[in-house]
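Okay, structure.csv is below, CSV, N, CA, C and O atoms:
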```csv
chain,number,residue,atom,x,y,z
A,1,ARG,N,104.5,101.2,98.7
A,1,ARG,CA,103.2,101.3,99.5
A,1,ARG,C,102.6,99.9,99.5
A,1,ARG,O,102.5,99.2,98.4
A,2,TRP,N,102.2,99.4,100.6
A,2,TRP,CA,101.6,98.1,100.7
A,2,TRP,C,100.1,98.2,100.5
A,2,TRP,O,99.5,99.2,100.8
A,3,PRO,N,99.6,97.1,99.9
A,3,PRO,CA,98.1,97.1,99.7
A,3,PRO,C,97.3,97.2,101.0
A,3,PRO,O,96.2,97.6,101.0
A,4,SER,N,97.9,96.8,102.1
A,4,SER,CA,97.2,96.8,103.4
A,4,SER,C,98.0,97.6,104.4
A,4,SER,O,99.1,97.1,104.8
A,5,SER,N,97.4,98.7,104.9
A,5,SER,CA,98.1,99.5,105.9
A,5,SER,C,98.2,98.6,107.2
A,5,SER,O,99.2,98.7,107.9
A,6,VAL,N,97.2,97.9,107.5
A,6,VAL,CA,97.2,97.1,108.8
A,6,VAL,C,98.3,96.1,108.7
A,6,VAL,O,99.0,95.9,109.7
A,7,ALA,N,98.5,95.4,107.6
A,7,ALA,CA,99.5,94.4,107.5
A,7,ALA,C,100.9,95.1,107.7
A,7,ALA,O,101.7,94.6,108.4
A,8,ALA,N,101.2,96.2,107.0
A,8,ALA,CA,102.5,96.8,107.1
A,8,ALA,C,102.7,97.3,108.5
A,8,ALA,O,103.8,97.1,109.1
A,9,LEU,N,101.7,97.9,109.1
A,9,LEU,CA,101.9,98.4,110.5
A,9,LEU,C,102.0,97.2,111.5
A,9,LEU,O,102.8,97.3,112.5
A,10,SER,N,101.4,96.1,111.2
A,10,SER,CA,101.5,94.9,112.1
A,10,SER,C,102.9,94.3,112.0
A,10,SER,O,103.5,93.8,113.0
A,11,PHE,N,103.5,94.4,110.8
A,11,PHE,CA,104.9,94.0,110.6
A,11,PHE,C,105.9,94.8,111.4
A,11,PHE,O,106.9,94.3,111.9
A,12,VAL,N,105.6,96.1,111.6
A,12,VAL,CA,106.4,97.0,112.5
A,12,VAL,C,106.3,96.5,113.9
A,12,VAL,O,107.3,96.3,114.6
A,13,ALA,N,105.1,96.2,114.4
A,13,ALA,CA,104.8,95.7,115.7
A,13,ALA,C,105.5,94.4,116.0
A,13,ALA,O,106.0,94.2,117.1
A,14,THR,N,105.6,93.6,115.1
A,14,THR,CA,106.3,92.2,115.3
A,14,THR,C,107.8,92.2,114.9
A,14,THR,O,108.4,91.2,115.1
A,15,GLY,N,108.3,93.4,114.5
A,15,GLY,CA,109.7,93.5,114.1
A,15,GLY,C,110.1,93.0,112.7
A,15,GLY,O,111.2,92.9,112.4
A,16,GLN,N,109.1,92.6,111.9
A,16,GLN,CA,109.4,92.2,110.6
A,16,GLN,C,109.7,93.4,109.7
A,16,GLN,O,110.4,93.2,108.7
A,17,PHE,N,109.2,94.5,110.0
A,17,PHE,CA,109.6,95.8,109.3
A,17,PHE,C,110.2,96.7,110.4
A,17,PHE,O,109.8,96.7,111.5
A,18,ASP,N,111.2,97.5,110.0
A,18,ASP,CA,111.8,98.4,110.9
A,18,ASP,C,111.0,99.6,111.1
A,18,ASP,O,111.0,100.2,112.2
A,19,ALA,N,110.3,100.1,110.1
A,19,ALA,CA,109.5,101.3,110.2
A,19,ALA,C,108.4,101.3,109.1
A,19,ALA,O,108.5,100.5,108.2
A,20,CYS,N,107.5,102.3,109.3
A,20,CYS,CA,106.5,102.4,108.3
A,20,CYS,C,106.1,103.9,108.2
A,20,CYS,O,106.0,104.5,109.3
A,21,LEU,N,106.0,104.4,107.0
A,21,LEU,CA,105.6,105.8,106.8
A,21,LEU,C,104.3,105.8,105.9
A,21,LEU,O,104.4,105.2,104.9
A,22,HIS,N,103.3,106.5,106.4
A,22,HIS,CA,102.0,106.5,105.6
A,22,HIS,C,101.7,108.0,105.3
A,22,HIS,O,101.7,108.8,106.2
A,23,TYR,N,101.3,108.2,104.1
A,23,TYR,CA,100.7,109.5,103.7
A,23,TYR,C,99.4,109.3,103.1
A,23,TYR,O,99.2,108.4,102.3
A,24,GLY,N,98.4,110.0,103.5
A,24,GLY,CA,97.1,110.0,102.9
A,24,GLY,C,96.3,108.7,103.2
A,24,GLY,O,95.3,108.4,102.5
A,25,SER,N,96.6,108.0,104.3
A,25,SER,CA,95.8,106.9,104.6
A,25,SER,C,94.6,107.3,105.4
A,25,SER,O,94.6,108.3,106.1
A,26,GLU,N,93.6,106.4,105.4
A,26,GLU,CA,92.4,106.7,106.1
A,26,GLU,C,92.6,106.3,107.6
A,26,GLU,O,93.3,105.3,107.9
A,27,PRO,N,91.9,107.0,108.5
A,27,PRO,CA,92.1,106.6,109.9
A,27,PRO,C,91.8,105.2,110.3
A,27,PRO,O,92.5,104.5,111.1
A,28,TRP,N,90.7,104.6,109.6
A,28,TRP,CA,90.3,103.3,109.9
A,28,TRP,C,91.4,102.3,109.4
A,28,TRP,O,91.4,101.1,109.9
A,29,ASP,N,92.2,102.7,108.5
A,29,ASP,CA,93.3,101.8,108.1
A,29,ASP,C,94.5,101.8,109.0
A,29,ASP,O,95.3,100.9,108.9
A,30,MET,N,94.6,102.8,109.9
A,30,MET,CA,95.8,102.9,110.8
A,30,MET,C,95.4,102.7,112.2
A,30,MET,O,96.3,102.2,113.0
A,31,ALA,N,94.3,103.1,112.7
A,31,ALA,CA,93.9,103.2,114.1
A,31,ALA,C,94.1,101.9,114.9
A,31,ALA,O,94.6,101.9,116.0
A,32,SER,N,93.7,100.8,114.3
A,32,SER,CA,93.7,99.5,115.0
A,32,SER,C,95.2,99.1,115.3
A,32,SER,O,95.4,98.3,116.3
A,33,SER,N,96.1,99.5,114.6
A,33,SER,CA,97.5,99.1,114.8
A,33,SER,C,98.2,99.9,115.8
A,33,SER,O,99.2,99.5,116.4
A,34,VAL,N,97.7,101.1,116.1
A,34,VAL,CA,98.4,102.0,117.0
A,34,VAL,C,98.7,101.4,118.4
A,34,VAL,O,99.8,101.4,118.9
A,35,PRO,N,97.6,100.9,119.1
A,35,PRO,CA,97.9,100.3,120.4
A,35,PRO,C,98.8,99.1,120.3
A,35,PRO,O,99.6,98.9,121.3
A,36,ILE,N,98.7,98.4,119.3
A,36,ILE,CA,99.6,97.2,119.2
A,36,ILE,C,101.1,97.6,119.0
A,36,ILE,O,101.9,97.0,119.7
A,37,ILE,N,101.3,98.6,118.2
A,37,ILE,CA,102.7,99.1,118.0
A,37,ILE,C,103.2,99.7,119.3
A,37,ILE,O,104.3,99.4,119.7
A,38,ARG,N,102.4,100.5,120.0
A,38,ARG,CA,102.8,101.1,121.2
A,38,ARG,C,103.1,100.0,122.3
A,38,ARG,O,104.1,100.1,123.1
A,39,GLU,N,102.2,99.0,122.4
A,39,GLU,CA,102.4,98.0,123.4
A,39,GLU,C,103.7,97.2,123.1
A,39,GLU,O,104.4,96.7,124.0
A,40,ALA,N,104.1,97.1,121.8
A,40,ALA,CA,105.3,96.4,121.5
A,40,ALA,C,106.6,97.3,121.7
A,40,ALA,O,107.7,96.8,121.4
A,41,GLY,N,106.4,98.5,122.1
A,41,GLY,CA,107.5,99.4,122.4
A,41,GLY,C,107.8,100.4,121.2
A,41,GLY,O,108.8,101.1,121.3
A,42,GLY,N,107.0,100.4,120.2
A,42,GLY,CA,107.2,101.3,119.1
A,42,GLY,C,106.6,102.7,119.4
A,42,GLY,O,105.8,102.9,120.3
A,43,LYS,N,107.1,103.6,118.6
A,43,LYS,CA,106.6,105.0,118.7
A,43,LYS,C,105.8,105.3,117.4
A,43,LYS,O,106.1,105.0,116.3
A,44,VAL,N,104.6,106.0,117.7
A,44,VAL,CA,103.7,106.3,116.6
A,44,VAL,C,103.4,107.8,116.6
A,44,VAL,O,102.9,108.3,117.6
A,45,THR,N,103.7,108.5,115.5
A,45,THR,CA,103.4,109.9,115.4
A,45,THR,C,102.9,110.2,114.0
A,45,THR,O,102.9,109.4,113.2
A,46,ASN,N,102.4,111.5,113.9
A,46,ASN,CA,102.2,111.9,112.5
A,46,ASN,C,103.5,112.4,112.0
A,46,ASN,O,104.5,112.4,112.7
A,47,ILE,N,103.5,112.9,110.7
A,47,ILE,CA,104.8,113.3,110.2
A,47,ILE,C,105.3,114.6,110.7
A,47,ILE,O,106.5,115.0,110.4
A,48,ARG,N,104.6,115.3,111.6
A,48,ARG,CA,105.0,116.5,112.3
A,48,ARG,C,105.7,116.1,113.6
A,48,ARG,O,106.1,117.0,114.3
A,49,GLY,N,105.7,114.8,113.9
A,49,GLY,CA,106.3,114.4,115.2
A,49,GLY,C,105.4,114.4,116.4
A,49,GLY,O,105.8,114.2,117.5
A,50,GLU,N,104.1,114.8,116.1
A,50,GLU,CA,103.2,114.8,117.2
A,50,GLU,C,102.5,113.5,117.4
A,50,GLU,O,102.4,112.7,116.5
A,51,LYS,N,102.1,113.2,118.7
A,51,LYS,CA,101.5,111.9,118.9
A,51,LYS,C,100.3,111.7,118.0
A,51,LYS,O,99.5,112.6,117.7
A,52,TRP,N,100.2,110.5,117.4
A,52,TRP,CA,99.2,110.3,116.3
A,52,TRP,C,97.8,110.3,116.9
A,52,TRP,O,97.6,109.8,118.0
A,53,LYS,N,96.9,111.0,116.2
A,53,LYS,CA,95.5,111.1,116.5
A,53,LYS,C,94.7,110.5,115.4
A,53,LYS,O,95.1,110.6,114.2
A,54,VAL,N,93.5,110.1,115.7
A,54,VAL,CA,92.7,109.5,114.6
A,54,VAL,C,92.4,110.5,113.5
A,54,VAL,O,92.1,110.1,112.4
A,55,GLU,N,92.5,111.8,113.7
A,55,GLU,CA,92.2,112.8,112.7
A,55,GLU,C,93.4,112.9,111.7
A,55,GLU,O,93.3,113.5,110.6
A,56,ASP,N,94.6,112.3,112.0
A,56,ASP,CA,95.8,112.4,111.2
A,56,ASP,C,95.7,111.5,110.0
A,56,ASP,O,95.2,110.4,110.1
A,57,ASP,N,96.2,112.0,108.9
A,57,ASP,CA,96.2,111.2,107.7
A,57,ASP,C,97.6,110.8,107.3
A,57,ASP,O,97.9,110.2,106.2
A,58,THR,N,98.6,111.0,108.2
A,58,THR,CA,99.9,110.6,108.1
A,58,THR,C,100.4,109.9,109.3
A,58,THR,O,99.8,110.1,110.4
A,59,MET,N,101.3,109.0,109.1
A,59,MET,CA,101.9,108.2,110.3
A,59,MET,C,103.3,107.8,110.0
A,59,MET,O,103.6,107.4,108.9
A,60,LEU,N,104.1,108.0,111.1
A,60,LEU,CA,105.5,107.5,111.1
A,60,LEU,C,105.6,106.6,112.3
A,60,LEU,O,105.3,107.0,113.4
A,61,THR,N,106.0,105.4,112.1
A,61,THR,CA,106.2,104.5,113.2
A,61,THR,C,107.4,103.6,113.1
A,61,THR,O,107.8,103.2,112.0
A,62,ALA,N,108.1,103.4,114.2
A,62,ALA,CA,109.3,102.6,114.3
A,62,ALA,C,109.7,102.5,115.8
A,62,ALA,O,109.0,103.0,116.6
A,63,ASN,N,110.8,101.8,116.1
A,63,ASN,CA,111.2,101.8,117.4
A,63,ASN,C,111.7,103.2,117.8
A,63,ASN,O,112.0,104.0,116.8
A,64,PRO,N,111.8,103.6,119.0
A,64,PRO,CA,112.1,105.0,119.4
A,64,PRO,C,113.4,105.6,118.8
A,64,PRO,O,113.4,106.7,118.3
A,65,LEU,N,114.4,104.8,118.7
A,65,LEU,CA,115.7,105.3,118.2
A,65,LEU,C,115.6,105.5,116.7
A,65,LEU,O,115.9,106.6,116.2
A,66,LEU,N,115.1,104.5,116.0
A,66,LEU,CA,114.9,104.7,114.5
A,66,LEU,C,113.9,105.7,114.2
A,66,LEU,O,114.1,106.5,113.2
A,67,HIS,N,112.8,105.9,115.0
A,67,HIS,CA,111.8,106.9,114.7
A,67,HIS,C,112.5,108.3,114.7
A,67,HIS,O,112.2,109.1,113.8
A,68,LYS,N,113.3,108.5,115.7
A,68,LYS,CA,114.0,109.8,115.8
A,68,LYS,C,114.9,110.1,114.5
A,68,LYS,O,114.8,111.2,113.9
A,69,LEU,N,115.6,109.1,114.1
A,69,LEU,CA,116.5,109.2,112.9
A,69,LEU,C,115.6,109.5,111.7
A,69,LEU,O,116.0,110.4,110.9
A,70,LEU,N,114.5,108.7,111.5
A,70,LEU,CA,113.7,108.9,110.3
A,70,LEU,C,113.0,110.3,110.4
A,70,LEU,O,112.9,111.0,109.4
A,71,PHE,N,112.5,110.7,111.6
A,71,PHE,CA,111.8,112.0,111.7
A,71,PHE,C,112.8,113.1,111.4
A,71,PHE,O,112.4,114.0,110.6
A,72,ASP,N,114.0,113.0,111.8
A,72,ASP,CA,115.0,114.0,111.5
A,72,ASP,C,115.3,114.1,110.0
A,72,ASP,O,115.5,115.2,109.4
A,73,PHE,N,115.2,112.9,109.3
A,73,PHE,CA,115.4,112.9,107.9
A,73,PHE,C,114.3,113.5,107.1
A,73,PHE,O,114.5,114.2,106.1
A,74,ILE,N,113.0,113.2,107.5
A,74,ILE,CA,111.9,113.7,106.7
A,74,ILE,C,111.3,115.0,107.2
A,74,ILE,O,110.5,115.6,106.5
A,75,ARG,N,111.8,115.5,108.3
A,75,ARG,CA,111.3,116.7,108.9
A,75,ARG,C,111.0,117.9,107.9
A,75,ARG,O,110.0,118.5,108.0
A,76,ASP,N,111.9,118.1,107.0
A,76,ASP,CA,111.9,119.3,106.1
A,76,ASP,C,111.3,118.9,104.8
A,76,ASP,O,111.3,119.8,103.9
A,77,ILE,N,110.9,117.7,104.6
A,77,ILE,CA,110.4,117.3,103.2
A,77,ILE,C,108.9,117.6,103.2
A,77,ILE,O,108.2,117.0,104.1
A,78,PRO,N,108.4,118.4,102.3
A,78,PRO,CA,106.9,118.6,102.3
A,78,PRO,C,106.2,117.3,101.9
A,78,PRO,O,106.7,116.6,101.1
A,79,PRO,N,105.0,117.1,102.5
A,79,PRO,CA,104.3,115.9,102.2
A,79,PRO,C,103.8,116.0,100.7
A,79,PRO,O,103.6,117.1,100.2
A,80,PRO,N,103.6,114.9,100.1
A,80,PRO,CA,103.0,114.9,98.7
A,80,PRO,C,101.6,115.5,98.7
A,80,PRO,O,100.9,115.4,99.7
A,81,LYS,N,101.2,116.1,97.6
A,81,LYS,CA,99.9,116.7,97.5
A,81,LYS,C,98.9,115.7,96.9
A,81,LYS,O,99.2,114.9,96.2
```

Write out the structure in this file as structure tokens.
Amino acid sequence: RWPSSVAALSFVATGQFDACLHYGSEPWDMASSVPIIREAGGKVTNIRGEKWKVEDDTMLTANPLLHKLLFDFIRDIPPPK
């Protein structure tokens, strides 16, 4: 886990990170990065694979191909409590 959600998510948008998975983050820590990642061609969802909304406290983001692979991998893993 990175100390800054915005930094980690920005690294996905710039290609410095391949993907980022967040559990229990606050919306204000994630929301500003969503349009940047999408504009860069990334996919942003919650861990249920639904389009990310500001009410979500989970996020999975990566390029579309890697996102599908990661989502298929985590799909059946229950989120931490």

Point to revise | strand (DSSP E) residues, from DSSP on the backbone, in range 49-81 of chain A, as a PyMOL selection string | key: chain A and resi 58-62

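Contact shell of range 7-11 of chain A at 9 Å (only C-alpha atoms; same-chain neighbours under 6 positions omitted): Arg1, Phe17, Asp18, Ala19, Cys20, Met30, Ser33, Val34, Ile36, Ile37 and Thr61 of chain A.
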
Review point. As a PyMOL selection string, which residues of chain A does DSSP assign to alpha helix (DSSP H)?
Key: chain A and resi 5-14+27-30+34-39+64-74

Residues of the last selection are to be written out with N, CA, C and O atoms, as a short mmCIF file (atom, residue, chain, number, x, y, z; two decimals), in the coordinates of the input.
```cif
data_model
loop_
_atom_site.label_atom_id
_atom_site.label_comp_id
_atom_site.auth_asym_id
_atom_site.auth_seq_id
_atom_site.Cartn_x
_atom_site.Cartn_y
_atom_site.Cartn_z
N SER A 5 97.40 98.70 104.90
CA SER A 5 98.10 99.50 105.90
C SER A 5 98.20 98.60 107.20
O SER A 5 99.20 98.70 107.90
N VAL A 6 97.20 97.90 107.50
CA VAL A 6 97.20 97.10 108.80
C VAL A 6 98.30 96.10 108.70
O VAL A 6 99.00 95.90 109.70
N ALA A 7 98.50 95.40 107.60
CA ALA A 7 99.50 94.40 107.50
C ALA A 7 100.90 95.10 107.70
O ALA A 7 101.70 94.60 108.40
N ALA A 8 101.20 96.20 107.00
CA ALA A 8 102.50 96.80 107.10
C ALA A 8 102.70 97.30 108.50
O ALA A 8 103.80 97.10 109.10
N LEU A 9 101.70 97.90 109.10
CA LEU A 9 101.90 98.40 110.50
C LEU A 9 102.00 97.20 111.50
O LEU A 9 102.80 97.30 112.50
N SER A 10 101.40 96.10 111.20
CA SER A 10 101.50 94.90 112.10
C SER A 10 102.90 94.30 112.00
O SER A 10 103.50 93.80 113.00
N PHE A 11 103.50 94.40 110.80
CA PHE A 11 104.90 94.00 110.60
C PHE A 11 105.90 94.80 111.40
O PHE A 11 106.90 94.30 111.90
N VAL A 12 105.60 96.10 111.60
CA VAL A 12 106.40 97.00 112.50
C VAL A 12 106.30 96.50 113.90
O VAL A 12 107.30 96.30 114.60
N ALA A 13 105.10 96.20 114.40
CA ALA A 13 104.80 95.70 115.70
C ALA A 13 105.50 94.40 116.00
O ALA A 13 106.00 94.20 117.10
N THR A 14 105.60 93.60 115.10
CA THR A 14 106.30 92.20 115.30
C THR A 14 107.80 92.20 114.90
O THR A 14 108.40 91.20 115.10
N PRO A 27 91.90 107.00 108.50
CA PRO A 27 92.10 106.60 109.90
C PRO A 27 91.80 105.20 110.30
O PRO A 27 92.50 104.50 111.10
N TRP A 28 90.70 104.60 109.60
CA TRP A 28 90.30 103.30 109.90
C TRP A 28 91.40 102.30 109.40
O TRP A 28 91.40 101.10 109.90
N ASP A 29 92.20 102.70 108.50
CA ASP A 29 93.30 101.80 108.10
C ASP A 29 94.50 101.80 109.00
O ASP A 29 95.30 100.90 108.90
N MET A 30 94.60 102.80 109.90
CA MET A 30 95.80 102.90 110.80
C MET A 30 95.40 102.70 112.20
O MET A 30 96.30 102.20 113.00
N VAL A 34 97.70 101.10 116.10
CA VAL A 34 98.40 102.00 117.00
C VAL A 34 98.70 101.40 118.40
O VAL A 34 99.80 101.40 118.90
N PRO A 35 97.60 100.90 119.10
CA PRO A 35 97.90 100.30 120.40
C PRO A 35 98.80 99.10 120.30
O PRO A 35 99.60 98.90 121.30
N ILE A 36 98.70 98.40 119.30
CA ILE A 36 99.60 97.20 119.20
C ILE A 36 101.10 97.60 119.00
O ILE A 36 101.90 97.00 119.70
N ILE A 37 101.30 98.60 118.20
CA ILE A 37 102.70 99.10 118.00
C ILE A 37 103.20 99.70 119.30
O ILE A 37 104.30 99.40 119.70
N ARG A 38 102.40 100.50 120.00
CA ARG A 38 102.80 101.10 121.20
C ARG A 38 103.10 100.00 122.30
O ARG A 38 104.10 100.10 123.10
N GLU A 39 102.20 99.00 122.40
CA GLU A 39 102.40 98.00 123.40
C GLU A 39 103.70 97.20 123.10
O GLU A 39 104.40 96.70 124.00
N PRO A 64 111.80 103.60 119.00
CA PRO A 64 112.10 105.00 119.40
C PRO A 64 113.40 105.60 118.80
O PRO A 64 113.40 106.70 118.30
N LEU A 65 114.40 104.80 118.70
CA LEU A 65 115.70 105.30 118.20
C LEU A 65 115.60 105.50 116.70
O LEU A 65 115.90 106.60 116.20
N LEU A 66 115.10 104.50 116.00
CA LEU A 66 114.90 104.70 114.50
C LEU A 66 113.90 105.70 114.20
O LEU A 66 114.10 106.50 113.20
N HIS A 67 112.80 105.90 115.00
CA HIS A 67 111.80 106.90 114.70
C HIS A 67 112.50 108.30 114.70
O HIS A 67 112.20 109.10 113.80
N LYS A 68 113.30 108.50 115.70
CA LYS A 68 114.00 109.80 115.80
C LYS A 68 114.90 110.10 114.50
O LYS A 68 114.80 111.20 113.90
N LEU A 69 115.60 109.10 114.10
CA LEU A 69 116.50 109.20 112.90
C LEU A 69 115.60 109.50 111.70
O LEU A 69 116.00 110.40 110.90
N LEU A 70 114.50 108.70 111.50
CA LEU A 70 113.70 108.90 110.30
C LEU A 70 113.00 110.30 110.40
O LEU A 70 112.90 111.00 109.40
N PHE A 71 112.50 110.70 111.60
CA PHE A 71 111.80 112.00 111.70
C PHE A 71 112.80 113.10 111.40
O PHE A 71 112.40 114.00 110.60
N ASP A 72 114.00 113.00 111.80
CA ASP A 72 115.00 114.00 111.50
C ASP A 72 115.30 114.10 110.00
O ASP A 72 115.50 115.20 109.40
N PHE A 73 115.20 112.90 109.30
CA PHE A 73 115.40 112.90 107.90
C PHE A 73 114.30 113.50 107.10
O PHE A 73 114.50 114.20 106.10
N ILE A 74 113.00 113.20 107.50
CA ILE A 74 111.90 113.70 106.70
C ILE A 74 111.30 115.00 107.20
O ILE A 74 110.50 115.60 106.50
#
```

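Across the model, the gap from atom O of Trp52 in chain A to CA of Ile74 in chain A is 18.6 Å.
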
Practice item. Name all residues at most 8 Å from Trp28 in chain A (count all atoms listed in the file; drop same-chain ones fewer than 6 positions away) and give them as a PyMOL selection string. Key: chain A and resi 5-6+54+56

Take every atom of range 8-22 of chain A listed in the file, pad by 3 Å on each side, and give me the axis-aligned box centre and edge lengths in Å, one decimal, as AutoDock Vina command-line options.
```
--center_x 106.5 --center_y 100.0 --center_z 111.0 --size_x 16.6 --size_y 23.6 --size_z 18.2
```

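Using only N, CA, C and O atoms, the protein and nucleic acid residues lying no more than 7 Å from range 76-80 of chain A, apart from those fewer than 4 places from it along its own chain, are Ile47, Phe71 and Asp72 of chain A.
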
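Of the listed residues A:Val44, A:Lys53, A:Pro35, A:Glu26, the one whose atoms come nearest to His67 in chain A is A:Val44, with distances taken using only N, CA, C and O atoms.
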
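Among A:Pro64, A:His22, A:Arg75, A:Pro27, the residue with the shortest atom-to-atom distance to Gly49 in chain A, counting only C-alpha atoms, is A:Arg75.
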
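If you measure from each of A:Asn46, A:Ser4, A:Ser32, A:Gln16 to Thr58 in chain A using only C-alpha atoms, the closest one turns out to be A:Asn46.
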
Study note, to complete from the structure: Computed gap from CA of Asp29 in chain A to CA of Glu55 in chain A is 12.0 Å

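Of note, CA of Ala62 in chain A and CA of Ala31 in chain A are spaced 15.4 Å apart.
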
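For the set A:Leu70, A:Pro3, A:Asn63, A:Thr14, the residue with the smallest atom-to-atom gap to Gly42 in chain A is A:Asn63, counting all atoms listed in the file.
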
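Across A:Leu65, A:Gly24, A:Asp57, A:Gly15, the tightest approach to Lys43 in chain A is made by A:Leu65 when counting all atoms listed in the file.
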
Point to revise | Nearest-residue call for Ser25 in chain A, choices A:Met59, A:Phe73, A:Arg48, A:Glu39, using all atoms listed in the file | key: A:Met59

Only all heavy atoms, please: range 10-17 of chain A from the block, as a PDB file, in the first residue's frame.
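This is the output file result-v1.pdb:
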```pdb
ATOM      1  N   SER A  10      -1.790   7.889 -10.165  1.00  0.00           N
ATOM      2  CA  SER A  10      -1.146   8.685 -11.217  1.00  0.00           C
ATOM      3  C   SER A  10      -0.075   7.868 -11.928  1.00  0.00           C
ATOM      4  O   SER A  10       0.120   8.010 -13.140  1.00  0.00           O
ATOM      5  CB  SER A  10      -0.520   9.945 -10.625  1.00  0.00           C
ATOM      6  OG  SER A  10      -1.523  10.782 -10.115  1.00  0.00           O
ATOM      7  N   PHE A  11       0.606   6.992 -11.194  1.00  0.00           N
ATOM      8  CA  PHE A  11       1.612   6.135 -11.815  1.00  0.00           C
ATOM      9  C   PHE A  11       0.974   5.160 -12.796  1.00  0.00           C
ATOM     10  O   PHE A  11       1.571   4.792 -13.797  1.00  0.00           O
ATOM     11  CB  PHE A  11       2.413   5.384 -10.762  1.00  0.00           C
ATOM     12  CG  PHE A  11       3.363   6.250  -9.975  1.00  0.00           C
ATOM     13  CD1 PHE A  11       3.783   5.856  -8.720  1.00  0.00           C
ATOM     14  CD2 PHE A  11       3.831   7.451 -10.475  1.00  0.00           C
ATOM     15  CE1 PHE A  11       4.660   6.634  -7.987  1.00  0.00           C
ATOM     16  CE2 PHE A  11       4.714   8.242  -9.747  1.00  0.00           C
ATOM     17  CZ  PHE A  11       5.133   7.834  -8.505  1.00  0.00           C
ATOM     18  N   VAL A  12      -0.258   4.730 -12.534  1.00  0.00           N
ATOM     19  CA  VAL A  12      -0.974   3.883 -13.490  1.00  0.00           C
ATOM     20  C   VAL A  12      -1.269   4.691 -14.753  1.00  0.00           C
ATOM     21  O   VAL A  12      -1.056   4.215 -15.874  1.00  0.00           O
ATOM     22  CB  VAL A  12      -2.279   3.323 -12.885  1.00  0.00           C
ATOM     23  CG1 VAL A  12      -3.103   2.590 -13.942  1.00  0.00           C
ATOM     24  CG2 VAL A  12      -1.984   2.383 -11.728  1.00  0.00           C
ATOM     25  N   ALA A  13      -1.731   5.911 -14.583  1.00  0.00           N
ATOM     26  CA  ALA A  13      -2.075   6.753 -15.734  1.00  0.00           C
ATOM     27  C   ALA A  13      -0.863   7.032 -16.618  1.00  0.00           C
ATOM     28  O   ALA A  13      -0.988   7.111 -17.836  1.00  0.00           O
ATOM     29  CB  ALA A  13      -2.694   8.067 -15.263  1.00  0.00           C
ATOM     30  N   THR A  14       0.308   7.148 -16.021  1.00  0.00           N
ATOM     31  CA  THR A  14       1.511   7.455 -16.792  1.00  0.00           C
ATOM     32  C   THR A  14       2.262   6.210 -17.247  1.00  0.00           C
ATOM     33  O   THR A  14       3.271   6.320 -17.943  1.00  0.00           O
ATOM     34  CB  THR A  14       2.482   8.329 -15.975  1.00  0.00           C
ATOM     35  OG1 THR A  14       2.879   7.609 -14.804  1.00  0.00           O
ATOM     36  CG2 THR A  14       1.847   9.653 -15.610  1.00  0.00           C
ATOM     37  N   GLY A  15       1.792   5.031 -16.846  1.00  0.00           N
ATOM     38  CA  GLY A  15       2.440   3.790 -17.248  1.00  0.00           C
ATOM     39  C   GLY A  15       3.582   3.351 -16.357  1.00  0.00           C
ATOM     40  O   GLY A  15       4.254   2.364 -16.644  1.00  0.00           O
ATOM     41  N   GLN A  16       3.820   4.067 -15.263  1.00  0.00           N
ATOM     42  CA  GLN A  16       4.889   3.674 -14.348  1.00  0.00           C
ATOM     43  C   GLN A  16       4.474   2.468 -13.489  1.00  0.00           C
ATOM     44  O   GLN A  16       5.328   1.722 -13.041  1.00  0.00           O
ATOM     45  CB  GLN A  16       5.277   4.856 -13.453  1.00  0.00           C
ATOM     46  CG  GLN A  16       5.892   5.981 -14.250  1.00  0.00           C
ATOM     47  CD  GLN A  16       6.081   7.242 -13.427  1.00  0.00           C
ATOM     48  OE1 GLN A  16       5.202   7.634 -12.669  1.00  0.00           O
ATOM     49  NE2 GLN A  16       7.230   7.872 -13.577  1.00  0.00           N
ATOM     50  N   PHE A  17       3.191   2.310 -13.248  1.00  0.00           N
ATOM     51  CA  PHE A  17       2.627   1.121 -12.609  1.00  0.00           C
ATOM     52  C   PHE A  17       1.718   0.453 -13.633  1.00  0.00           C
ATOM     53  O   PHE A  17       1.054   1.135 -14.417  1.00  0.00           O
ATOM     54  CB  PHE A  17       1.771   1.481 -11.394  1.00  0.00           C
ATOM     55  CG  PHE A  17       2.507   1.821 -10.135  1.00  0.00           C
ATOM     56  CD1 PHE A  17       3.879   1.866 -10.067  1.00  0.00           C
ATOM     57  CD2 PHE A  17       1.791   2.102  -8.983  1.00  0.00           C
ATOM     58  CE1 PHE A  17       4.535   2.188  -8.889  1.00  0.00           C
ATOM     59  CE2 PHE A  17       2.428   2.413  -7.805  1.00  0.00           C
ATOM     60  CZ  PHE A  17       3.804   2.456  -7.753  1.00  0.00           C
TER      61      PHE A  17
END
```
